[in-house]
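Undergrad: Below is data.cif; it holds mmCIF, C-alpha atoms.
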```
data_upload
loop_
_atom_site.label_atom_id
_atom_site.label_comp_id
_atom_site.auth_asym_id
_atom_site.auth_seq_id
_atom_site.Cartn_x
_atom_site.Cartn_y
_atom_site.Cartn_z
CA MET A 1 19.46 -15.14 1.51
CA SER A 2 19.77 -11.35 1.41
CA PRO A 3 16.67 -9.22 2.14
CA PHE A 4 16.82 -7.85 -1.42
CA PHE A 5 16.36 -11.29 -2.99
CA VAL A 6 13.68 -12.27 -0.46
CA LYS A 7 11.69 -9.17 -1.43
CA ALA A 8 12.35 -9.70 -5.14
CA ILE A 9 11.09 -13.30 -5.02
CA GLN A 10 7.97 -12.25 -3.12
CA LEU A 11 7.32 -9.44 -5.60
CA LEU A 12 7.74 -11.74 -8.61
CA LEU A 13 5.48 -14.42 -7.12
CA SER A 14 2.83 -11.91 -6.07
CA LEU A 15 2.75 -10.16 -9.46
CA SER A 16 2.65 -13.50 -11.29
CA ILE A 17 -0.43 -14.57 -9.32
CA LEU A 18 -2.16 -11.22 -9.78
CA ILE A 19 -1.36 -10.86 -13.48
CA VAL A 20 -2.53 -14.38 -14.40
CA LEU A 21 -5.79 -13.97 -12.48
CA HIS A 22 -6.35 -10.45 -13.88
CA GLU A 23 -5.94 -11.70 -17.43
CA LEU A 24 -8.22 -14.65 -16.66
CA GLY A 25 -10.81 -12.01 -15.78
CA HIS A 26 -10.70 -10.90 -19.43
CA PHE A 27 -10.14 -14.38 -20.89
CA ILE A 28 -13.11 -16.19 -19.32
CA PRO A 29 -15.90 -13.77 -20.38
CA ALA A 30 -14.26 -13.46 -23.82
CA LYS A 31 -14.53 -17.23 -24.22
CA LEU A 32 -18.08 -17.26 -22.83
CA PHE A 33 -19.09 -14.74 -25.48
CA LYS A 34 -17.29 -16.80 -28.17
CA THR A 35 -14.61 -14.17 -28.78
CA ARG A 36 -11.29 -15.44 -30.08
CA VAL A 37 -8.31 -14.98 -27.74
CA GLU A 38 -5.09 -15.18 -29.74
CA LYS A 39 -2.59 -14.91 -26.86
CA PHE A 40 -2.56 -15.31 -23.08
CA TYR A 41 0.76 -14.14 -21.62
CA LEU A 42 2.35 -13.75 -18.23
CA PHE A 43 4.88 -10.92 -18.68
CA PHE A 44 5.65 -9.31 -22.01
CA ASP A 45 7.20 -11.25 -24.90
CA ILE A 46 8.94 -8.45 -26.80
CA LYS A 47 10.96 -10.18 -29.58
CA PHE A 48 10.91 -13.59 -27.85
CA SER A 49 9.22 -15.76 -25.21
CA LEU A 50 10.67 -17.85 -22.41
CA PHE A 51 7.90 -20.36 -23.04
CA LYS A 52 4.91 -20.68 -25.36
CA LYS A 53 2.49 -23.35 -26.42
CA LYS A 54 -0.55 -23.17 -28.67
CA ILE A 55 -3.66 -24.91 -27.39
CA GLY A 56 -6.66 -24.59 -29.66
CA GLU A 57 -6.74 -21.07 -31.05
CA THR A 58 -4.80 -19.50 -28.16
CA VAL A 59 -1.03 -19.26 -27.62
CA TYR A 60 -0.19 -19.47 -23.91
CA GLY A 61 3.22 -18.18 -22.90
CA ILE A 62 5.61 -16.51 -20.48
CA GLY A 63 7.49 -13.42 -21.62
CA TRP A 64 10.89 -12.26 -20.43
CA LEU A 65 9.92 -8.70 -19.38
CA PRO A 66 8.14 -8.82 -15.99
CA LEU A 67 6.24 -5.53 -16.31
CA GLY A 68 2.79 -7.05 -16.61
CA GLY A 69 0.92 -9.45 -18.87
CA TYR A 70 -1.83 -9.46 -21.46
CA VAL A 71 -4.46 -11.30 -23.44
CA LYS A 72 -4.66 -10.47 -27.15
CA ILE A 73 -8.29 -10.54 -28.21
CA SER A 74 -9.13 -10.64 -31.93
CA GLY A 75 -10.64 -7.46 -33.34
CA MET A 76 -9.64 -5.20 -30.48
CA ILE A 77 -7.50 -2.07 -30.66
CA ASP A 78 -4.99 -2.68 -27.89
CA GLU A 79 -1.29 -2.20 -27.12
CA SER A 80 -0.35 -4.56 -29.99
CA MET A 81 -1.62 -1.87 -32.44
CA ASP A 82 -2.53 -4.63 -34.94
CA LYS A 83 -3.75 -2.35 -37.74
CA GLU A 84 -3.70 -5.11 -40.36
CA GLN A 85 -6.33 -7.12 -38.54
CA MET A 86 -8.48 -4.06 -37.94
CA ALA A 87 -8.32 -3.11 -41.64
CA GLY A 88 -10.26 -6.23 -42.64
CA PRO A 89 -14.02 -6.70 -42.39
CA PRO A 90 -15.34 -7.57 -38.90
CA GLN A 91 -15.59 -11.30 -38.20
CA PRO A 92 -18.20 -12.93 -35.93
CA TRP A 93 -15.51 -14.10 -33.47
CA GLU A 94 -13.95 -10.67 -33.09
CA PHE A 95 -14.28 -8.33 -30.15
CA ARG A 96 -15.53 -5.48 -32.33
CA SER A 97 -18.42 -7.62 -33.58
CA LYS A 98 -19.84 -8.28 -30.12
CA PRO A 99 -22.60 -6.18 -28.52
CA ALA A 100 -21.33 -3.27 -26.42
CA TRP A 101 -22.58 -4.83 -23.16
CA GLN A 102 -20.55 -7.99 -23.81
CA ARG A 103 -17.43 -5.97 -24.62
CA LEU A 104 -17.97 -3.97 -21.42
CA ILE A 105 -18.11 -7.17 -19.33
CA ILE A 106 -14.94 -8.47 -21.00
CA MET A 107 -13.08 -5.23 -20.25
CA LEU A 108 -14.30 -5.04 -16.64
CA GLY A 109 -13.37 -8.67 -15.98
CA GLY A 110 -9.75 -8.04 -14.93
CA VAL A 111 -10.58 -5.25 -12.49
CA THR A 112 -13.46 -7.27 -11.06
CA VAL A 113 -11.17 -10.25 -10.41
CA ASN A 114 -8.57 -8.02 -8.69
CA ILE A 115 -11.17 -6.51 -6.37
CA ILE A 116 -12.75 -9.87 -5.51
CA LEU A 117 -9.32 -11.47 -5.05
CA GLY A 118 -8.17 -8.73 -2.67
CA PHE A 119 -11.30 -9.10 -0.55
CA LEU A 120 -11.08 -12.92 -0.52
CA ILE A 121 -7.43 -12.84 0.57
CA TYR A 122 -8.27 -10.49 3.45
CA MET A 123 -11.07 -12.82 4.52
CA ALA A 124 -8.69 -15.80 4.41
CA ILE A 125 -6.01 -13.93 6.39
CA ILE A 126 -8.47 -12.97 9.12
CA PHE A 127 -9.86 -16.50 9.30
CA THR A 128 -6.38 -18.09 9.43
CA TRP A 129 -4.46 -15.65 11.62
CA GLY A 130 -7.07 -13.45 13.26
CA THR A 131 -6.32 -9.81 14.07
CA ASN A 132 -4.33 -7.85 16.64
CA HIS A 133 -5.57 -4.67 18.22
CA ILE A 134 -4.81 -2.29 21.09
CA GLY A 135 -7.85 -0.86 22.81
CA PHE A 136 -8.33 2.01 25.25
CA GLU A 137 -7.70 -0.20 28.28
CA ASP A 138 -4.57 -1.72 26.75
CA MET A 139 -2.60 1.54 26.68
CA PRO A 140 -2.45 2.86 30.26
CA ASN A 141 0.29 5.41 29.48
CA GLY A 142 -1.61 6.93 26.56
CA PHE A 143 0.03 8.77 23.67
CA ALA A 144 2.93 11.14 23.27
CA ILE A 145 1.66 14.08 21.20
CA GLU A 146 3.56 15.93 18.47
CA GLU A 147 3.95 19.64 19.26
CA SER A 148 1.70 20.99 16.48
CA PHE A 149 -1.17 18.78 17.71
CA LYS A 150 -0.81 20.07 21.25
CA LYS A 151 -2.03 23.41 19.89
CA LEU A 152 -5.34 21.70 19.12
CA GLY A 153 -5.75 20.75 22.78
CA PHE A 154 -4.11 17.34 22.99
CA GLU A 155 -1.67 16.56 25.83
CA ASP A 156 1.02 13.96 26.45
CA GLY A 157 -0.58 10.97 28.13
CA ASP A 158 -3.96 11.38 26.42
CA ARG A 159 -5.96 8.17 26.01
CA ILE A 160 -8.41 8.10 23.11
CA THR A 161 -11.95 7.17 24.14
CA ALA A 162 -13.81 7.89 20.89
CA VAL A 163 -13.42 9.13 17.33
CA ASN A 164 -16.46 10.85 15.81
CA GLY A 165 -18.37 9.67 18.87
CA LYS A 166 -17.46 5.98 18.46
CA PRO A 167 -14.69 3.96 20.17
CA LEU A 168 -11.79 2.71 18.03
CA ASP A 169 -11.12 -1.03 18.10
CA ASP A 170 -7.43 -0.25 17.67
CA VAL A 171 -6.45 3.16 19.04
CA THR A 172 -3.02 2.95 17.38
CA GLN A 173 -4.81 3.44 14.03
CA ILE A 174 -5.57 7.06 14.94
CA ASN A 175 -2.75 8.45 12.76
CA HIS A 176 -4.01 6.50 9.76
CA HIS A 177 -7.60 7.63 10.35
CA LEU A 178 -6.58 11.28 10.66
CA PHE A 179 -4.66 11.15 7.40
CA MET A 180 -7.11 9.12 5.32
CA ARG A 181 -10.59 9.60 6.73
CA ASP A 182 -13.09 12.27 7.68
CA ILE A 183 -12.35 12.83 11.38
CA LYS A 184 -14.44 15.60 12.92
CA ASP A 185 -13.59 15.16 16.59
CA ILE A 186 -11.57 13.01 18.98
CA SER A 187 -12.56 12.39 22.59
CA VAL A 188 -9.71 11.88 25.06
CA LEU A 189 -9.10 11.22 28.71
CA HIS A 190 -6.29 13.45 29.99
CA GLN A 191 -3.76 12.21 32.54
CA ASN A 192 -5.36 14.40 35.24
CA GLY A 193 -8.65 12.49 34.80
CA SER A 194 -10.53 15.20 32.92
CA GLU A 195 -12.24 14.43 29.60
CA ALA A 196 -12.30 16.53 26.44
CA THR A 197 -13.69 16.34 22.92
CA ILE A 198 -11.32 18.08 20.52
CA GLN A 199 -12.48 19.39 17.14
CA ILE A 200 -10.29 18.44 14.18
CA PRO A 201 -9.69 20.84 11.24
CA GLU A 202 -11.17 19.68 7.91
CA ASP A 203 -7.80 19.89 6.16
CA ILE A 204 -5.89 17.91 8.79
CA GLY A 205 -4.77 15.25 6.29
CA THR A 206 -3.27 17.85 3.95
CA THR A 207 -1.61 19.60 6.89
CA MET A 208 -0.05 16.32 8.06
CA PHE A 209 1.18 15.52 4.54
CA GLU A 210 2.70 18.94 3.83
CA SER A 211 4.35 19.20 7.27
CA GLY A 212 5.62 15.62 7.22
CA VAL A 213 3.95 14.96 10.59
CA LEU A 214 2.38 11.60 9.74
CA ARG A 215 2.56 10.15 13.27
CA PRO A 216 1.34 12.87 15.63
CA PHE A 217 0.22 10.20 18.14
CA SER A 218 2.92 7.81 19.41
CA PRO A 219 2.26 5.21 22.14
CA ILE A 220 4.11 6.21 25.30
CA SER A 221 6.68 3.62 26.33
CA GLU A 222 9.09 3.53 29.20
CA PRO A 223 12.77 3.92 28.14
CA ILE A 224 13.63 0.23 28.58
CA ILE A 225 15.74 -1.23 25.77
CA ASP A 226 14.28 -4.34 24.11
CA SER A 227 16.86 -4.88 21.35
CA ILE A 228 19.97 -3.38 19.70
CA TYR A 229 20.27 -3.11 15.91
CA MET A 230 23.12 -0.63 15.31
CA ASP A 231 26.79 -0.45 16.31
CA ILE A 232 26.27 2.99 17.86
CA ALA A 233 24.36 1.54 20.81
CA ALA A 234 26.34 -1.71 20.90
CA LYS A 235 29.73 0.06 21.11
CA ALA A 236 28.35 2.28 23.89
CA GLY A 237 27.76 -0.89 25.90
CA LEU A 238 23.96 -0.73 25.95
CA LYS A 239 22.10 -4.04 26.32
CA LYS A 240 18.59 -5.41 26.35
CA GLY A 241 16.85 -4.57 29.63
CA ASP A 242 18.77 -1.34 30.29
CA ARG A 243 16.56 1.50 31.49
CA VAL A 244 17.67 5.02 30.48
CA ILE A 245 17.14 7.51 33.32
CA GLU A 246 19.17 10.57 32.22
CA VAL A 247 20.48 12.14 29.02
CA ASN A 248 23.02 14.95 29.47
CA LYS A 249 21.94 15.17 33.14
CA LYS A 250 18.29 15.63 32.08
CA PRO A 251 15.92 13.16 33.82
CA ILE A 252 14.10 10.81 31.44
CA LYS A 253 10.82 9.15 32.37
CA TYR A 254 9.40 8.11 28.98
CA TRP A 255 10.87 7.05 25.66
CA HIS A 256 9.46 9.99 23.67
CA GLU A 257 11.38 12.36 25.96
CA PHE A 258 14.56 10.48 25.15
CA ARG A 259 13.80 10.52 21.40
CA THR A 260 13.20 14.28 21.43
CA THR A 261 16.54 14.89 23.14
CA VAL A 262 18.40 12.59 20.75
CA LEU A 263 16.84 14.23 17.69
CA ASP A 264 18.04 17.58 19.00
CA HIS A 265 21.62 16.20 19.13
CA LYS A 266 22.14 14.63 15.71
CA GLU A 267 25.86 13.86 15.26
CA LYS A 268 26.57 15.40 18.67
CA PRO A 269 27.90 13.52 21.74
CA LEU A 270 25.38 12.48 24.40
CA ALA A 271 25.98 11.32 27.97
CA LEU A 272 23.59 8.56 29.04
CA THR A 273 22.80 7.30 32.50
CA PHE A 274 21.00 3.96 32.72
CA VAL A 275 20.12 1.27 35.21
CA ARG A 276 21.08 -2.38 34.70
CA ASN A 277 20.11 -5.00 37.28
CA GLY A 278 19.68 -2.30 39.91
CA GLU A 279 23.11 -0.77 39.23
CA THR A 280 23.42 2.75 37.78
CA LYS A 281 25.89 3.10 34.90
CA THR A 282 26.95 5.82 32.46
CA THR A 283 28.11 5.83 28.87
CA SER A 284 28.41 8.19 25.91
CA LEU A 285 27.47 7.92 22.25
CA THR A 286 26.83 10.06 19.18
CA PRO A 287 23.55 9.72 17.22
CA ASN A 288 23.87 9.48 13.44
CA GLU A 289 22.69 12.12 10.95
CA GLU A 290 19.12 10.81 11.23
CA GLY A 291 19.11 11.02 15.03
CA LEU A 292 19.26 7.26 15.53
CA ILE A 293 21.34 5.27 17.99
CA GLY A 294 20.02 1.82 17.05
CA VAL A 295 17.79 0.66 19.89
CA VAL A 296 14.22 -0.61 20.07
CA VAL A 297 12.29 -0.08 23.30
CA LYS A 298 9.97 -2.44 25.09
CA ASN A 299 6.28 -1.77 24.46
CA SER A 300 4.29 -0.45 27.42
CA TYR A 301 0.95 -1.60 26.04
CA THR A 302 -0.89 -4.89 25.64
CA ILE A 303 -1.72 -6.36 22.23
CA GLN A 304 -5.01 -8.23 22.12
CA HIS A 305 -5.47 -11.09 19.66
CA LYS A 306 -8.87 -12.05 18.27
CA LYS A 307 -9.88 -15.17 16.32
CA TYR A 308 -12.86 -15.26 13.96
CA SER A 309 -15.33 -17.85 12.72
CA LEU A 310 -15.73 -18.33 8.97
CA GLY A 311 -18.82 -16.12 8.89
CA GLU A 312 -17.16 -13.42 10.97
CA SER A 313 -14.07 -13.57 8.75
CA ILE A 314 -16.17 -12.90 5.66
CA THR A 315 -17.78 -9.83 7.23
CA GLU A 316 -14.54 -8.55 8.76
CA GLY A 317 -12.54 -9.24 5.59
CA PHE A 318 -15.07 -7.41 3.42
CA ASP A 319 -14.98 -4.43 5.79
CA PHE A 320 -11.17 -4.41 5.79
CA GLY A 321 -11.06 -4.63 1.98
CA TYR A 322 -13.58 -1.81 1.61
CA TRP A 323 -11.60 0.54 3.87
CA THR A 324 -8.33 -0.42 2.19
CA LEU A 325 -9.78 0.61 -1.17
CA HIS A 326 -11.36 3.73 0.35
CA ASP A 327 -8.11 4.84 1.98
CA TYR A 328 -6.04 4.23 -1.14
CA ILE A 329 -8.42 6.37 -3.19
CA ALA A 330 -8.40 9.03 -0.44
CA GLN A 331 -4.61 9.34 -0.45
CA PHE A 332 -4.43 9.43 -4.25
CA LYS A 333 -5.11 13.17 -4.22
CA TYR A 334 -1.67 13.76 -2.70
CA VAL A 335 -0.01 12.36 -5.83
CA PHE A 336 -0.97 15.54 -7.68
CA THR A 337 1.03 17.77 -5.33
CA LYS A 338 4.70 18.66 -5.81
CA LYS A 339 5.71 16.69 -2.74
CA GLY A 340 3.46 13.77 -3.64
CA ALA A 341 4.93 13.46 -7.13
CA THR A 342 8.40 12.96 -5.67
CA GLN A 343 7.10 10.10 -3.54
CA VAL A 344 5.57 8.12 -6.39
CA GLY A 345 7.31 4.75 -6.58
CA GLY A 346 7.71 1.94 -9.09
CA PHE A 347 8.67 -1.69 -8.68
CA GLY A 348 11.23 -0.85 -6.02
CA ALA A 349 8.59 0.83 -3.86
CA ILE A 350 6.20 -2.08 -4.39
CA GLY A 351 8.94 -4.56 -3.52
CA ASN A 352 9.63 -2.71 -0.28
CA LEU A 353 6.07 -3.39 0.83
CA PHE A 354 7.17 -6.98 1.45
CA PRO A 355 9.09 -7.98 4.61
CA ASP A 356 12.83 -8.74 4.66
CA ALA A 357 12.21 -12.32 5.83
CA TRP A 358 9.63 -14.69 4.40
CA ASN A 359 6.31 -14.43 6.19
CA TRP A 360 3.19 -15.93 4.63
CA ARG A 361 0.77 -13.65 6.46
CA ALA A 362 2.67 -10.54 5.37
CA PHE A 363 3.05 -11.92 1.82
CA TRP A 364 -0.69 -12.48 1.39
CA ALA A 365 -1.61 -9.17 3.06
CA THR A 366 0.71 -7.31 0.66
CA THR A 367 -0.60 -9.29 -2.31
CA ALA A 368 -4.18 -8.36 -1.38
CA PHE A 369 -3.18 -4.70 -1.10
CA ILE A 370 -1.42 -4.73 -4.49
CA SER A 371 -4.45 -6.47 -6.03
CA ILE A 372 -6.69 -3.63 -4.88
CA ILE A 373 -4.17 -1.05 -6.11
CA LEU A 374 -4.08 -2.75 -9.54
CA ALA A 375 -7.87 -2.72 -9.71
CA PHE A 376 -8.04 1.00 -8.97
CA MET A 377 -5.16 1.95 -11.28
CA ASN A 378 -6.52 -0.18 -14.13
CA ILE A 379 -9.97 1.42 -13.99
CA LEU A 380 -8.56 4.95 -14.40
CA PRO A 381 -9.92 6.44 -17.67
CA ILE A 382 -6.56 6.37 -19.47
CA PRO A 383 -6.44 4.88 -22.99
CA ALA A 384 -4.35 1.66 -22.99
CA LEU A 385 -5.73 0.78 -19.54
CA ASP A 386 -8.95 -1.16 -18.98
CA GLY A 387 -10.54 2.06 -17.75
CA GLY A 388 -9.83 3.73 -21.08
CA HIS A 389 -11.64 0.99 -22.97
CA VAL A 390 -14.52 1.15 -20.48
CA MET A 391 -14.74 4.93 -20.96
CA PHE A 392 -15.11 4.56 -24.74
CA LEU A 393 -17.59 1.69 -24.38
CA LEU A 394 -19.76 3.76 -22.05
CA TYR A 395 -19.64 6.56 -24.62
CA GLU A 396 -20.78 4.09 -27.27
CA ILE A 397 -23.65 2.80 -25.11
CA ILE A 398 -24.84 6.33 -24.27
CA ALA A 399 -24.28 7.92 -27.71
CA GLY A 400 -25.39 4.89 -29.69
CA ARG A 401 -22.30 4.88 -31.92
CA LYS A 402 -18.68 3.74 -31.73
CA PRO A 403 -15.73 6.13 -31.68
CA ASN A 404 -13.86 6.19 -34.99
CA ASP A 405 -11.24 3.41 -35.33
CA LYS A 406 -8.55 5.92 -36.30
CA PHE A 407 -9.38 7.96 -33.19
CA MET A 408 -9.15 4.80 -31.08
CA GLU A 409 -5.72 4.01 -32.55
CA TYR A 410 -4.39 7.47 -31.73
CA ALA A 411 -5.95 7.39 -28.26
CA GLN A 412 -4.36 4.01 -27.60
CA LEU A 413 -0.98 5.31 -28.75
CA VAL A 414 -1.22 8.43 -26.55
CA GLY A 415 -2.31 6.32 -23.58
CA PHE A 416 0.59 3.94 -24.11
CA ILE A 417 3.07 6.85 -24.22
CA VAL A 418 1.56 8.28 -21.00
CA LEU A 419 1.89 4.90 -19.26
CA ILE A 420 5.52 4.50 -20.35
CA ALA A 421 6.28 8.03 -19.11
CA LEU A 422 4.64 7.30 -15.75
CA LEU A 423 6.50 4.00 -15.50
CA LEU A 424 9.85 5.68 -16.19
CA PHE A 425 9.07 8.49 -13.75
CA ALA A 426 8.01 6.16 -10.93
CA ASN A 427 10.98 3.84 -11.31
CA GLY A 428 13.27 6.84 -11.77
CA ASN A 429 12.11 8.00 -8.32
CA ASP A 430 13.05 4.56 -6.93
CA ILE A 431 16.53 4.82 -8.44
CA TYR A 432 16.99 8.38 -7.14
CA ARG A 433 15.99 7.34 -3.63
CA ALA A 434 18.30 4.33 -3.77
CA ILE A 435 21.25 6.52 -4.80
CA THR A 436 20.61 9.47 -2.49
CA GLY A 437 19.04 7.61 0.41
CA LYS A 438 16.20 10.17 0.49
#
```
Mind turning this structure into structure tokens?

TA:
Amino acid sequence: MSPFFVKAIQLLLSLSILIVLHELGHFIPAKLFKTRVEKFYLFFDIKFSLFKKKIGETVYGIGWLPLGGYVKISGMIDESMDKEQMAGPPQPWEFRSKPAWQRLIIMLGGVTVNIILGFLIYMAIIFTWGTNHIGFEDMPNGFAIEESFKKLGFEDGDRITAVNGKPLDDVTQINHHLFMRDIKDISVLHQNGSEATIQIPEDIGTTMFESGVLRPFSPISEPIIDSIYMDIAAKAGLKKGDRVIEVNKKPIKYWHEFRTTVLDHKEKPLALTFVRNGETKTTSLTPNEEGLIGVVVKNSYTIQHKKYSLGESITEGFDFGYWTLHDYIAQFKYVFTKKGATQVGGFGAIGNLFPDAWNWRAFWATTAFISIILAFMNILPIPALDGGHVMFLLYEIIAGRKPNDKFMEYAQLVGFIVLIALLLFANGNDIYRAITGK
């Protein structure tokens, strides 16, 4: 099966699970508070349904448009814009007749389920598969440093000993921490044995984003080929196990030196000298327009695997979920920049979060991440989202009176238009990237 269909199936399954559970988060408290739920739908049923069945007072169904799902609660101004129902006198079973605190719980139910679900999945993943990490001792060659970061005082071969005065469990997460978190200083051990604590500018994340330097620290590896994935390298006769020693007569000791040279010769011929089974050979090739030749090098570091007890998994999973939510909120500010707006993605971008081949660990990790994203996006104070309803309910609780129904209708309509515009924009970006390759 092609990678496209593997990703599409994973996306559909993941969204189906998340949508059903999100809507259950609204459905269950609505039922507990004796509020009538008219419909419970996976996907949208515009004009017709793929399946529907009425049980009690609720119609359960599956729509044909996989852009979400919904529960239709009696007496609530929602995306259905059911003005006829709202024109009648309030009934005891309707949403609008319930106390504000009950309506608030009903509206927060979906977001609450998404957050809890994301955390529970992370706990289960850690308990089932454990975690991998690369510590200070596991990376003897240290990091290759991007040029702009050398100006801060970093050097090729640096090994990270502490971040903000504390050691990192996984030193390869340093790029992520710099971009997403408040890093004040990084302590390193230079290749010459000296130690240094380097101060980090407050705006380092913004600088990384605007410059496109998102991986200033790259693990140093020796230039030994581990696999071939493009014809450029294959036609040049390169094989697994070959060690590159020269490029255009320039001696090569580490992989990052080779990469720098190749990137400087995009679509230009290169002469390579390499060693295979003790024999020195030469070949030539031309990198593509992206500076790639299609080889993966052998890692020069050791990956440590750790297993966890059930109790440890709960603690570790909660911590991982918290930082996942924290980091997603932290990077959200970049969306409101010119560059960030062009990188907003829709269903194509979400689908690309999944791997090309089926992998249950990766599937559940991505599902947990999407669940947390849905929780955050849904709680934004935009009418037509759960957060919009929560915003108006909080106003009612504080002010002691409800917003006017006509105002609520207009707010819901505006919110719906905004959501459609955002949906078209995000998926338009996906289409543009697919066409242009950018």

Undergrad: I'd like the contact shell of A:Glu246 - 10 Å cut-off, all atoms listed in the file, skipping same-chain residues fewer than 2 positions apart - returned as a list in words.

TA: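 The residues satisfying every condition are Arg243, Val244, Asn248, Lys249, Lys250, Pro251, Ile252, Lys253, Phe258, Ala271, Leu272, Thr273, Phe274, Val275 and Thr282 of chain A.
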
Undergrad: So which one's closest to A:Phe347, A:Phe425, A:His26, A:Glu289, A:Thr207? Using all atoms listed in the file, please.

TA: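 Among the listed residues, the smallest separation from A:Phe347 belongs to A:Phe425.
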
Undergrad: Considering all atoms listed in the file, return as JSON, numbers by chain whatever protein or nucleic-acid residues lie within 10 Å of stretch 38-52 of chain A, sequence-local ones (same chain, fewer than 3 positions apart) excluded.

TA: {"A": [15, 16, 17, 18, 19, 20, 21, 23, 24, 26, 27, 35, 55, 56, 57, 58, 59, 60, 61, 62, 63, 64, 65, 66, 67, 68, 69, 70, 71, 72, 73, 74]}

Undergrad: Mind writing the picked residues with C-alpha atoms as a PDB file, in the coordinates of the input?

TA:
```
ATOM      1  CA  LEU A  15       2.750 -10.160  -9.460  1.00  0.00           C
ATOM      2  CA  SER A  16       2.650 -13.500 -11.290  1.00  0.00           C
ATOM      3  CA  ILE A  17      -0.430 -14.570  -9.320  1.00  0.00           C
ATOM      4  CA  LEU A  18      -2.160 -11.220  -9.780  1.00  0.00           C
ATOM      5  CA  ILE A  19      -1.360 -10.860 -13.480  1.00  0.00           C
ATOM      6  CA  VAL A  20      -2.530 -14.380 -14.400  1.00  0.00           C
ATOM      7  CA  LEU A  21      -5.790 -13.970 -12.480  1.00  0.00           C
ATOM      8  CA  GLU A  23      -5.940 -11.700 -17.430  1.00  0.00           C
ATOM      9  CA  LEU A  24      -8.220 -14.650 -16.660  1.00  0.00           C
ATOM     10  CA  HIS A  26     -10.700 -10.900 -19.430  1.00  0.00           C
ATOM     11  CA  PHE A  27     -10.140 -14.380 -20.890  1.00  0.00           C
ATOM     12  CA  THR A  35     -14.610 -14.170 -28.780  1.00  0.00           C
ATOM     13  CA  ILE A  55      -3.660 -24.910 -27.390  1.00  0.00           C
ATOM     14  CA  GLY A  56      -6.660 -24.590 -29.660  1.00  0.00           C
ATOM     15  CA  GLU A  57      -6.740 -21.070 -31.050  1.00  0.00           C
ATOM     16  CA  THR A  58      -4.800 -19.500 -28.160  1.00  0.00           C
ATOM     17  CA  VAL A  59      -1.030 -19.260 -27.620  1.00  0.00           C
ATOM     18  CA  TYR A  60      -0.190 -19.470 -23.910  1.00  0.00           C
ATOM     19  CA  GLY A  61       3.220 -18.180 -22.900  1.00  0.00           C
ATOM     20  CA  ILE A  62       5.610 -16.510 -20.480  1.00  0.00           C
ATOM     21  CA  GLY A  63       7.490 -13.420 -21.620  1.00  0.00           C
ATOM     22  CA  TRP A  64      10.890 -12.260 -20.430  1.00  0.00           C
ATOM     23  CA  LEU A  65       9.920  -8.700 -19.380  1.00  0.00           C
ATOM     24  CA  PRO A  66       8.140  -8.820 -15.990  1.00  0.00           C
ATOM     25  CA  LEU A  67       6.240  -5.530 -16.310  1.00  0.00           C
ATOM     26  CA  GLY A  68       2.790  -7.050 -16.610  1.00  0.00           C
ATOM     27  CA  GLY A  69       0.920  -9.450 -18.870  1.00  0.00           C
ATOM     28  CA  TYR A  70      -1.830  -9.460 -21.460  1.00  0.00           C
ATOM     29  CA  VAL A  71      -4.460 -11.300 -23.440  1.00  0.00           C
ATOM     30  CA  LYS A  72      -4.660 -10.470 -27.150  1.00  0.00           C
ATOM     31  CA  ILE A  73      -8.290 -10.540 -28.210  1.00  0.00           C
ATOM     32  CA  SER A  74      -9.130 -10.640 -31.930  1.00  0.00           C
TER      33      SER A  74
END
```

Undergrad: Take the point (-9.6, 6.2, 3.6) as written in the file and pick out every residue within 7 Å of it, counting only C-alpha atoms; give the list as a list of chain:residue names.

TA: A:Met180, A:Arg181, A:Trp323, A:Thr324, A:His326, A:Asp327, A:Tyr328, A:Ile329, A:Ala330

Undergrad: So that I can see what lies close to A:Asp242, please list as a PyMOL selection string the residues with an atom at most 6 Å from it, counting all atoms listed in the file and leaving out residues fewer than 2 positions away in the same chain.

TA: chain A and resi 224-225+239-240+275-276
